[in-house]
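The data block below is coords33.cif; it holds mmCIF, C-alpha atoms.
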data_work
#
loop_
_atom_site.label_atom_id
_atom_site.label_comp_id
_atom_site.auth_asym_id
_atom_site.auth_seq_id
_atom_site.Cartn_x
_atom_site.Cartn_y
_atom_site.Cartn_z
CA MET A 28 126.57 20.34 29.78
CA ALA A 29 123.49 22.14 28.58
CA GLY A 30 122.14 23.52 31.84
CA GLY A 31 123.39 24.95 35.12
CA LYS A 32 126.09 27.46 35.91
CA ILE A 33 129.70 27.31 34.81
CA GLN A 34 132.00 27.52 37.80
CA LYS A 35 135.69 28.32 37.58
CA LYS A 36 137.88 25.39 38.58
CA ARG A 37 141.07 25.73 40.62
CA HIS A 38 144.09 25.48 38.34
CA GLY A 39 146.67 22.80 38.96
CA ALA A 40 144.30 19.97 39.93
CA GLY A 41 145.86 16.87 38.42
CA ALA A 42 144.24 13.60 37.44
CA GLY A 43 144.43 12.42 41.03
CA GLY A 44 143.43 15.79 42.47
CA GLY A 45 139.70 15.83 41.77
CA GLY A 46 139.86 16.68 38.08
CA GLY A 47 138.21 13.36 37.14
CA ALA A 48 138.16 11.95 33.61
CA ARG A 49 139.63 14.09 30.87
CA LEU A 50 139.27 14.76 27.18
CA GLN A 51 142.13 13.78 24.92
CA GLY A 52 143.21 17.43 24.99
CA GLY A 53 143.42 17.40 28.79
CA ILE A 54 140.11 19.13 29.60
CA PRO A 55 138.51 17.61 32.74
CA PHE A 56 134.89 16.48 32.71
CA GLU A 57 132.83 17.99 35.49
CA LYS A 58 130.31 15.56 36.97
CA SER A 59 128.55 18.38 38.83
CA LYS A 60 127.43 19.71 35.45
CA GLY A 61 126.25 16.30 34.27
CA GLN A 62 129.22 15.83 31.92
CA HIS A 63 129.09 12.10 31.25
CA ILE A 64 130.17 11.40 27.66
CA LEU A 65 128.57 8.48 25.85
CA ARG A 66 131.51 6.36 24.71
CA ASN A 67 129.90 3.18 23.32
CA PRO A 68 129.74 3.55 19.48
CA ALA A 69 127.16 0.74 19.14
CA LEU A 70 124.88 2.48 21.61
CA VAL A 71 125.25 5.81 19.77
CA ASP A 72 124.32 4.06 16.52
CA SER A 73 121.28 2.46 18.18
CA ILE A 74 120.01 5.81 19.46
CA VAL A 75 120.36 7.42 16.03
CA THR A 76 118.62 4.48 14.36
CA LYS A 77 115.67 4.58 16.78
CA ALA A 78 115.25 8.31 16.17
CA GLY A 79 113.91 7.57 12.67
CA LEU A 80 115.72 10.46 11.01
CA LYS A 81 114.81 11.82 7.57
CA PRO A 82 117.03 13.67 5.06
CA THR A 83 114.86 16.78 5.52
CA ASP A 84 115.19 16.84 9.32
CA THR A 85 116.76 19.58 11.40
CA VAL A 86 117.99 17.88 14.57
CA LEU A 87 118.37 19.61 17.93
CA GLU A 88 121.11 18.14 20.10
CA ILE A 89 121.42 19.30 23.71
CA GLY A 90 124.71 18.96 25.53
CA PRO A 91 126.80 17.56 22.64
CA GLY A 92 129.98 17.43 24.71
CA THR A 93 132.87 16.18 22.59
CA GLY A 94 130.63 15.41 19.61
CA ASN A 95 130.36 11.59 19.50
CA LEU A 96 126.59 11.69 18.96
CA THR A 97 126.87 14.86 16.85
CA LYS A 98 129.16 13.13 14.36
CA ARG A 99 126.81 10.18 13.98
CA LEU A 100 123.80 12.49 13.47
CA LEU A 101 125.60 14.35 10.70
CA GLU A 102 126.63 11.08 9.05
CA ALA A 103 122.98 9.96 9.09
CA GLY A 104 122.37 12.46 6.30
CA VAL A 105 120.05 14.95 8.02
CA LYS A 106 119.59 18.47 6.71
CA ALA A 107 121.18 20.12 9.75
CA VAL A 108 122.24 19.59 13.36
CA VAL A 109 121.85 22.44 15.86
CA ALA A 110 123.88 21.71 19.01
CA VAL A 111 123.31 23.72 22.19
CA GLU A 112 126.23 23.56 24.65
CA LEU A 113 126.76 25.51 27.86
CA ASP A 114 130.46 24.79 28.48
CA PRO A 115 132.71 27.01 26.34
CA ARG A 116 135.49 24.40 26.56
CA MET A 117 133.23 21.85 24.89
CA VAL A 118 132.22 24.39 22.23
CA LEU A 119 135.90 24.86 21.36
CA GLU A 120 136.38 21.09 21.27
CA LEU A 121 133.39 20.68 18.93
CA ASN A 122 134.60 23.40 16.57
CA ARG A 123 138.07 21.89 16.54
CA ARG A 124 136.76 18.38 15.91
CA PHE A 125 134.61 19.36 12.94
CA GLN A 126 136.89 21.98 11.42
CA GLY A 127 137.40 21.03 7.80
CA HIS A 128 134.97 18.10 8.10
CA PRO A 129 132.94 17.51 4.89
CA LEU A 130 129.70 17.79 6.87
CA ALA A 131 130.73 20.83 8.94
CA SER A 132 128.43 23.14 6.95
CA ARG A 133 125.43 21.26 8.33
CA LEU A 134 126.43 21.87 11.95
CA LYS A 135 125.51 24.94 13.97
CA VAL A 136 126.82 25.21 17.54
CA ILE A 137 125.05 27.53 19.99
CA GLN A 138 126.83 28.32 23.25
CA GLY A 139 124.31 28.93 26.01
CA ASP A 140 121.97 27.53 28.63
CA VAL A 141 119.26 25.55 26.86
CA LEU A 142 116.77 26.41 29.62
CA LYS A 143 117.24 30.14 29.04
CA CYS A 144 117.82 30.51 25.32
CA ASP A 145 115.19 30.58 22.59
CA LEU A 146 115.24 27.30 20.74
CA PRO A 147 115.36 27.37 16.94
CA TYR A 148 113.08 25.37 14.68
CA PHE A 149 113.75 21.62 14.80
CA ASP A 150 112.04 18.43 13.69
CA ILE A 151 113.64 15.99 16.13
CA CYS A 152 115.57 16.33 19.37
CA VAL A 153 118.24 13.70 20.06
CA ALA A 154 120.20 14.24 23.24
CA ASN A 155 122.22 12.86 26.14
CA ILE A 156 121.36 15.56 28.65
CA PRO A 157 122.63 16.61 32.09
CA TYR A 158 120.19 14.80 34.34
CA GLN A 159 119.64 17.76 36.68
CA ILE A 160 117.69 19.59 33.96
CA SER A 161 115.46 16.65 33.01
CA SER A 162 112.12 18.01 34.21
CA PRO A 163 112.35 21.65 33.07
CA LEU A 164 113.86 20.62 29.74
CA THR A 165 111.10 18.07 29.08
CA PHE A 166 108.39 20.69 29.54
CA LYS A 167 110.32 23.37 27.68
CA LEU A 168 110.46 21.04 24.68
CA LEU A 169 106.75 20.21 24.98
CA SER A 170 105.91 23.92 25.03
CA HIS A 171 108.02 24.64 21.94
CA ARG A 172 106.21 25.87 18.84
CA PRO A 173 105.96 24.78 16.14
CA MET A 174 105.68 21.28 17.54
CA PHE A 175 108.50 18.86 16.76
CA ARG A 176 107.94 15.29 15.55
CA CYS A 177 109.65 13.47 18.39
CA ALA A 178 112.45 13.60 20.96
CA VAL A 179 114.80 10.72 21.77
CA ILE A 180 116.49 11.58 25.04
CA MET A 181 118.77 9.88 27.56
CA PHE A 182 117.45 10.32 31.11
CA GLN A 183 118.40 9.00 34.51
CA ARG A 184 116.63 5.64 34.66
CA GLU A 185 114.29 6.43 37.56
CA PHE A 186 113.15 9.67 35.92
CA ALA A 187 112.61 7.81 32.64
CA MET A 188 110.52 5.15 34.34
CA ARG A 189 108.36 7.86 35.93
CA LEU A 190 107.74 9.31 32.48
CA VAL A 191 106.42 5.99 31.16
CA ALA A 192 104.72 4.76 34.37
CA GLN A 193 101.11 3.60 34.11
CA PRO A 194 98.25 3.77 36.65
CA GLY A 195 98.98 1.43 39.54
CA ASP A 196 102.76 1.45 39.03
CA SER A 197 104.79 2.45 42.10
CA LEU A 198 106.45 5.29 40.15
CA TYR A 199 103.20 6.71 38.70
CA CYS A 200 103.03 10.36 39.77
CA ARG A 201 102.13 13.91 38.68
CA LEU A 202 105.09 13.88 36.31
CA SER A 203 103.72 10.76 34.59
CA VAL A 204 100.21 12.16 34.28
CA ASN A 205 101.23 15.62 33.08
CA VAL A 206 103.74 14.45 30.47
CA GLN A 207 101.41 11.76 29.13
CA LEU A 208 98.64 14.34 28.73
CA LEU A 209 100.89 16.22 26.31
CA ALA A 210 102.80 13.39 24.65
CA ARG A 211 103.06 9.69 23.93
CA VAL A 212 106.04 8.34 25.83
CA SER A 213 107.81 5.02 25.28
CA HIS A 214 110.90 3.37 26.73
CA LEU A 215 113.50 2.46 24.10
CA LEU A 216 116.72 1.34 25.78
CA LYS A 217 118.20 0.67 29.18
CA VAL A 218 121.77 1.98 29.36
CA GLY A 219 124.28 0.83 31.97
CA ARG A 220 126.48 3.39 33.70
CA ASN A 221 129.67 1.87 32.25
CA ASN A 222 128.71 3.16 28.80
CA PHE A 223 129.73 6.66 29.93
CA ARG A 224 132.99 8.41 30.68
CA PRO A 225 133.19 9.16 33.55
CA PRO A 226 130.48 6.68 34.67
CA PRO A 227 127.56 8.26 36.58
CA LYS A 228 126.31 6.78 39.86
CA VAL A 229 123.07 5.52 38.31
CA ASP A 230 121.87 3.68 35.21
CA SER A 231 120.11 5.49 32.39
CA SER A 232 117.34 4.93 29.87
CA VAL A 233 116.53 6.29 26.43
CA VAL A 234 112.95 7.50 26.03
CA ARG A 235 110.96 8.54 22.96
CA ILE A 236 108.57 11.48 23.40
CA GLU A 237 106.00 12.27 20.68
CA PRO A 238 103.85 15.39 21.26
CA ARG A 239 100.13 14.81 20.86
CA LYS A 240 98.62 16.58 17.87
CA PRO A 241 96.29 18.23 18.53
CA LEU A 242 96.65 18.79 22.27
CA PRO A 243 93.66 17.84 24.44
CA PRO A 244 91.10 20.70 24.61
CA VAL A 245 91.64 21.42 28.31
CA SER A 246 93.29 24.20 30.27
CA PHE A 247 96.57 22.98 31.67
CA LYS A 248 96.10 25.19 34.75
CA GLU A 249 92.83 23.39 35.40
CA TRP A 250 94.34 19.98 34.69
CA ASP A 251 97.39 20.40 36.93
CA GLY A 252 95.28 21.93 39.69
CA LEU A 253 93.18 18.75 39.78
CA VAL A 254 96.13 16.38 39.45
CA ARG A 255 98.05 18.19 42.20
CA ILE A 256 95.21 17.54 44.65
CA CYS A 257 94.84 13.91 43.59
CA PHE A 258 98.56 13.23 44.11
CA ASN A 259 98.96 15.22 47.34
CA ARG A 260 98.63 11.86 49.04
CA LYS A 261 98.34 9.56 46.09
CA ASN A 262 97.29 6.48 48.05
CA LYS A 263 94.40 8.17 49.85
CA THR A 264 90.92 8.08 48.37
CA LEU A 265 89.70 11.12 46.46
CA GLY A 266 86.83 11.33 48.94
CA SER A 267 89.35 11.95 51.73
CA LEU A 268 91.50 14.33 49.72
CA PHE A 269 88.61 16.57 48.69
CA LYS A 270 87.46 16.90 52.32
CA GLN A 271 90.68 18.68 53.24
CA LYS A 272 90.22 22.20 54.51
CA ARG A 273 92.53 24.00 52.11
CA VAL A 274 91.14 22.10 49.13
CA LEU A 275 87.56 23.02 49.99
CA GLU A 276 88.48 26.65 50.66
CA LEU A 277 90.31 26.95 47.33
CA LEU A 278 87.53 25.35 45.30
CA GLU A 279 84.80 27.35 47.04
CA LYS A 280 86.70 30.59 46.42
CA ASN A 281 87.06 29.70 42.73
CA TYR A 282 83.40 28.72 42.56
CA LYS A 283 82.21 32.02 44.05
CA THR A 284 84.51 33.99 41.74
CA MET A 285 83.10 32.23 38.70
CA GLN A 286 79.56 32.72 39.90
CA SER A 287 80.13 36.43 40.43
CA LEU A 288 81.54 36.78 36.94
CA GLN A 289 78.55 34.87 35.58
CA LEU A 290 80.64 32.84 33.20
CA THR A 291 78.59 30.33 31.27
CA GLN A 292 79.88 26.88 30.51
CA ASP A 293 79.96 27.67 26.78
CA ALA A 294 82.09 30.75 27.29
CA GLU A 295 84.36 28.87 29.63
CA MET A 296 84.88 26.03 27.19
CA GLY A 297 85.81 28.56 24.55
CA GLU A 298 88.65 29.81 26.72
CA GLU A 299 89.88 26.57 28.23
CA LYS A 300 92.15 25.53 25.40
CA MET A 301 95.70 24.46 25.99
CA SER A 302 98.36 26.81 24.66
CA ALA A 303 102.16 26.83 24.58
CA ASP A 304 102.18 29.38 27.40
CA ASP A 305 99.87 27.11 29.37
CA VAL A 306 102.20 24.14 28.97
CA ALA A 307 105.26 26.27 29.75
CA LEU A 308 103.97 26.80 33.29
CA LEU A 309 105.31 23.35 34.08
CA ALA A 310 108.88 24.46 33.57
CA ASN A 311 108.51 26.41 36.82
CA MET A 312 107.43 23.32 38.77
CA VAL A 313 110.84 21.66 38.83
CA GLU A 314 111.15 20.85 42.52
CA ASP A 315 107.91 18.94 42.96
CA LEU A 316 107.77 17.34 39.51
CA SER A 317 111.35 16.26 38.91
CA MET A 318 111.90 13.28 41.20
CA GLU A 319 108.87 12.71 43.41
CA THR A 320 109.42 9.97 45.97
CA GLY A 321 105.88 8.63 45.92
CA GLU A 322 105.70 8.98 49.72
CA GLU A 323 102.58 10.51 51.18
CA LYS A 324 102.98 14.06 52.45
CA GLU A 325 102.18 14.76 56.08
CA ASP A 326 100.07 17.82 56.73
CA ASP A 327 98.21 18.07 60.04
CA GLU A 328 96.16 21.04 58.82
CA MET A 329 94.54 19.30 55.93
CA GLU A 330 91.92 16.99 57.44
CA MET A 331 88.51 18.46 58.14
CA ASP A 332 85.24 16.99 59.33
CA ASP A 333 81.73 18.40 59.22
CA THR A 334 82.05 20.10 62.61
CA ASP A 335 84.87 22.27 61.21
CA MET A 336 83.01 23.50 58.18
CA GLY A 337 82.03 26.83 59.67
CA GLY A 338 78.36 27.05 58.74
CA ASP A 339 75.69 25.59 56.52
CA GLY A 340 77.10 27.26 53.39
CA ARG A 341 80.46 25.53 53.68
CA THR A 342 78.79 22.24 54.58
CA SER A 343 76.59 22.54 51.51
CA PHE A 344 79.62 23.13 49.30
CA LYS A 345 81.35 20.09 50.74
CA GLU A 346 78.26 18.04 49.94
CA LYS A 347 78.36 19.42 46.40
CA ILE A 348 81.96 18.23 45.98
CA MET A 349 81.19 14.81 47.42
CA GLY A 350 78.18 14.54 45.12
CA ILE A 351 80.35 15.13 42.07
CA LEU A 352 82.82 12.46 43.18
CA GLN A 353 80.02 9.98 43.78
CA GLN A 354 78.40 10.83 40.44
CA GLY A 355 81.50 9.61 38.63
CA ASP A 356 82.16 6.79 41.11
CA PHE A 357 85.41 8.50 42.15
CA ALA A 358 84.93 8.89 45.93
CA GLU A 359 86.65 5.60 46.80
CA LYS A 360 89.24 5.72 44.02
CA ARG A 361 92.86 6.81 44.39
CA GLY A 362 94.87 9.16 42.19
CA SER A 363 97.60 6.54 41.76
CA LYS A 364 95.10 4.29 39.97
CA LEU A 365 93.46 6.84 37.65
CA SER A 366 94.15 6.93 33.91
CA GLN A 367 94.25 9.94 31.59
CA VAL A 368 90.64 9.25 30.62
CA ASP A 369 89.63 9.12 34.30
CA PHE A 370 91.24 12.48 35.04
CA LEU A 371 89.68 14.09 31.97
CA TYR A 372 86.24 12.77 32.94
CA LEU A 373 86.62 13.91 36.55
CA LEU A 374 87.71 17.38 35.42
CA SER A 375 84.72 17.63 33.10
CA LEU A 376 82.34 16.71 35.94
CA PHE A 377 83.76 19.46 38.16
CA ASN A 378 83.73 22.05 35.37
CA LYS A 379 80.13 21.26 34.43
CA ALA A 380 79.20 21.93 38.04
CA GLY A 381 80.94 25.31 37.86
CA ILE A 382 83.92 24.20 39.96
CA HIS A 383 87.39 25.09 38.71
CA PHE A 384 90.98 24.52 39.83
CA SER A 385 92.63 27.75 38.70
#

Let me see the file written as C-alpha cells.
Amino acid sequence: MAGGKIQKKRHGAGAGGGGGARLQGGIPFEKSKGQHILRNPALVDSIVTKAGLKPTDTVLEIGPGTGNLTKRLLEAGVKAVVAVELDPRMVLELNRRFQGHPLASRLKVIQGDVLKCDLPYFDICVANIPYQISSPLTFKLLSHRPMFRCAVIMFQREFAMRLVAQPGDSLYCRLSVNVQLLARVSHLLKVGRNNFRPPPKVDSSVVRIEPRKPLPPVSFKEWDGLVRICFNRKNKTLGSLFKQKRVLELLEKNYKTMQSLQLTQDAEMGEEKMSADDVALLANMVEDLSMETGEEKEDDEMEMDDTDMGGDGRTSFKEKIMGILQQGDFAEKRGSKLSQVDFLYLLSLFNKAGIHFS
C-alpha cells in the first residue's frame, strides 16, 4: 500500500472475477500491491504494546490501509500519527473512517509513495508494510535524520529472519551484516498468514529496529565494499575470495589512487565517518540485498593463481593482501561466520595498510 505503482483495474470484475477480498464499502484489495490488512485485534494490540509508545511520540505509520492499526495507535494516547498511504482509495477510506472521530485532530494522512516522498519528523515507526518494499524502506528509515527511537515493522518472515540472523546461521547474509551495523534488531512476534485479509502466501514476523547512537565511525562505502567481497561466495574462505582477479584489480587500483593522492591515515580517518547520505546508498541496492538465497555465485572469471598475476608488481600486491589476512588470522575464515567485530577489525587492518574498498 505504501510503495509501488497504482495500476488501473478493469471495471466490472466481481468477487469471483479476480477482485479478491473487499472492504466493507466494496473496494477490492490488490495483493500485487501488498494489500493484506491485519484483521486480528489482539495482534494489533500486541504490536502497539511492544512499540513502547509515549504520550509525546509522533508515530509514522506506513501503509495504513483501512486504519485498524491507525485507530489503535491514536487510542494509545500518542501526540500524533502520520500515515503515509499510496492508494488513493485507502486514503478516502481512512478520511471517512476518522471523520468526526474525537482523535481525528491527531491524525495526518499523506498520500504518496513512501520510497519517494520526504519523511516528516517521527519518534517511532509502526507499520504493516507491503513486503516488496522491505529492503529499500528499511534503509530509507535508517538514513532518516534526525534519528528515530525505534521501528516496529511487520515483514515477510524470511526477510525478518535475515535481519536478525547471526554468524553461522543459514540466513546470515549481507543484509544481516549491513542492517546490524546500523541498528540493533530483535524478533518480536511470529504472525501466521491467517491473521490477514486476504491472507498472503507466506507467514510474517514483527521486528524491532533500534538505530545505533552514535553510528560506528566507519565509511559505509568502505564497509559494504568489504562485506560484498566476503559474501560473494559466503562459504568460501577469505583467502580464496581475495585471490580473485577482479578483487585484486579493484583493490590495487584503489591502493595506487590513494598512494598518488598521498592521503595519510590520519586524514583518511577524519573523512571516513558514516553519514545519512552514506547509509542512503543502500536504498539503491535492492535487488542483491532484499532476498538473497545464500547460494554461492558462479563466476568462471574470478579465480586467479600466481601464474596469472601479470608481473612481479601484481604478485607483490597479492602477497600484501594475503599478509593482511594472515595477520588477523582471517585467511581460512568464511564471511558467513564473521561477526560485526570481526568485519570492523578486518576493515581496520586493510585501511591501516592503505587498502580501501571504495

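Under the PyMOL selection byres ((chain A and resi 258) around 10), the matching residues in the shown file are Tyr199, Cys200, Arg201, Leu253, Val254, Arg255, Ile256, Cys257, Asn259, Arg260, Lys261, Asn262, Lys263, Leu265, Leu268, Gly321, Glu323, Lys324, Arg361, Gly362 and Ser363 of chain A.
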
**OP:** Starting from the point (91.7, 26.1, 38.0), work out which residues of protein, DNA or RNA have an atom no more than 6 Å away when counting only C-alpha atoms; state them as a PyMOL selection string.
**Re:** chain A and resi 248-249+252+383-385

**OP:** List the residues matched by the PyMOL selection byres ((chain A and resi 191-195) around 8) in the displayed structure as number ranges by chain, ordered by chain and then by residue number.
**Re:** A: 187-190, 196-200, 203, 207, 212-214, 363-366

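Between A:Phe186 and the candidates A:Val153, A:Leu80, A:Ser231, A:Phe166, the tightest atom-to-atom separation, counting all atoms listed in the file, involves A:Ser231.
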
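The space between atom CA of A:Leu134 and atom CA of A:Asp72 spans 18.5 Å.
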
Target residues per the PyMOL selection byres ((chain A and resi 73) around 12), formatted as a compact mmCIF listing (two decimals) with C-alpha atoms, in the frame of the given file:
# COMPACT_ATOMS: atom_id res chain seq x y z
CA ASN A 67 129.90 3.18 23.32
CA PRO A 68 129.74 3.55 19.48
CA ALA A 69 127.16 0.74 19.14
CA LEU A 70 124.88 2.48 21.61
CA VAL A 71 125.25 5.81 19.77
CA ASP A 72 124.32 4.06 16.52
CA ILE A 74 120.01 5.81 19.46
CA VAL A 75 120.36 7.42 16.03
CA THR A 76 118.62 4.48 14.36
CA LYS A 77 115.67 4.58 16.78
CA ALA A 78 115.25 8.31 16.17
CA GLY A 79 113.91 7.57 12.67
CA LEU A 96 126.59 11.69 18.96
CA ARG A 99 126.81 10.18 13.98
CA LEU A 100 123.80 12.49 13.47
CA ALA A 103 122.98 9.96 9.09
CA VAL A 153 118.24 13.70 20.06
CA VAL A 179 114.80 10.72 21.77
CA LEU A 215 113.50 2.46 24.10
CA LEU A 216 116.72 1.34 25.78
CA LYS A 217 118.20 0.67 29.18
CA VAL A 218 121.77 1.98 29.36
CA VAL A 233 116.53 6.29 26.43

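Closest approach to A:Leu371 among A:Glu279, A:Asp251, A:Glu359, A:Glu102 is made by A:Asp251 (distances from only C-alpha atoms).
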
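Excluding A:Leu169 itself and any same-chain residue fewer than 2 positions from it, the protein and nucleic acid residues within 8 Å of it, counting all atoms listed in the file, are Thr165, Phe166, Lys167, His171, Met174, Leu209, Ala210, Pro238, Val306 and Ala307 of chain A.
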
**OP:** Would you mind telling me which residue in A:Gln183, A:Phe223, A:Ser375, A:Ile151 lies nearest to A:Ser246 when using all atoms listed in the file?
**Re:** A:Ser375

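When atom CA of A:Leu242 is paired with atom CA of A:Asp356, their separation reads 26.6 Å.
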
Original post:
Hey, what's within 6 Å of stretch 81-91 of chain A if we count only C-alpha atoms and toss same-chain stuff fewer than 4 positions away? As a PyMOL selection string, please?
Top reply: chain A and resi 28-29+104-112+149-154+156

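When all atoms listed in the file are used to compute distances to A:Glu120, the closest of the residues A:Leu373, A:Gly92, A:Thr97, A:Lys143 turns out to be A:Gly92.
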
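From atom CA of A:Glu276 back to atom CA of A:Lys345, the distance works out to 9.7 Å.
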
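Nearest to A:Gln367 of all the residues A:Arg124, A:Ile160, A:Arg211, A:Thr93 is A:Arg211, based on all atoms listed in the file.
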
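Using all atoms listed in the file, the nearest neighbour of A:Cys177 within the list A:Asp369, A:Asp114, A:Glu346, A:Glu237 is A:Glu237.
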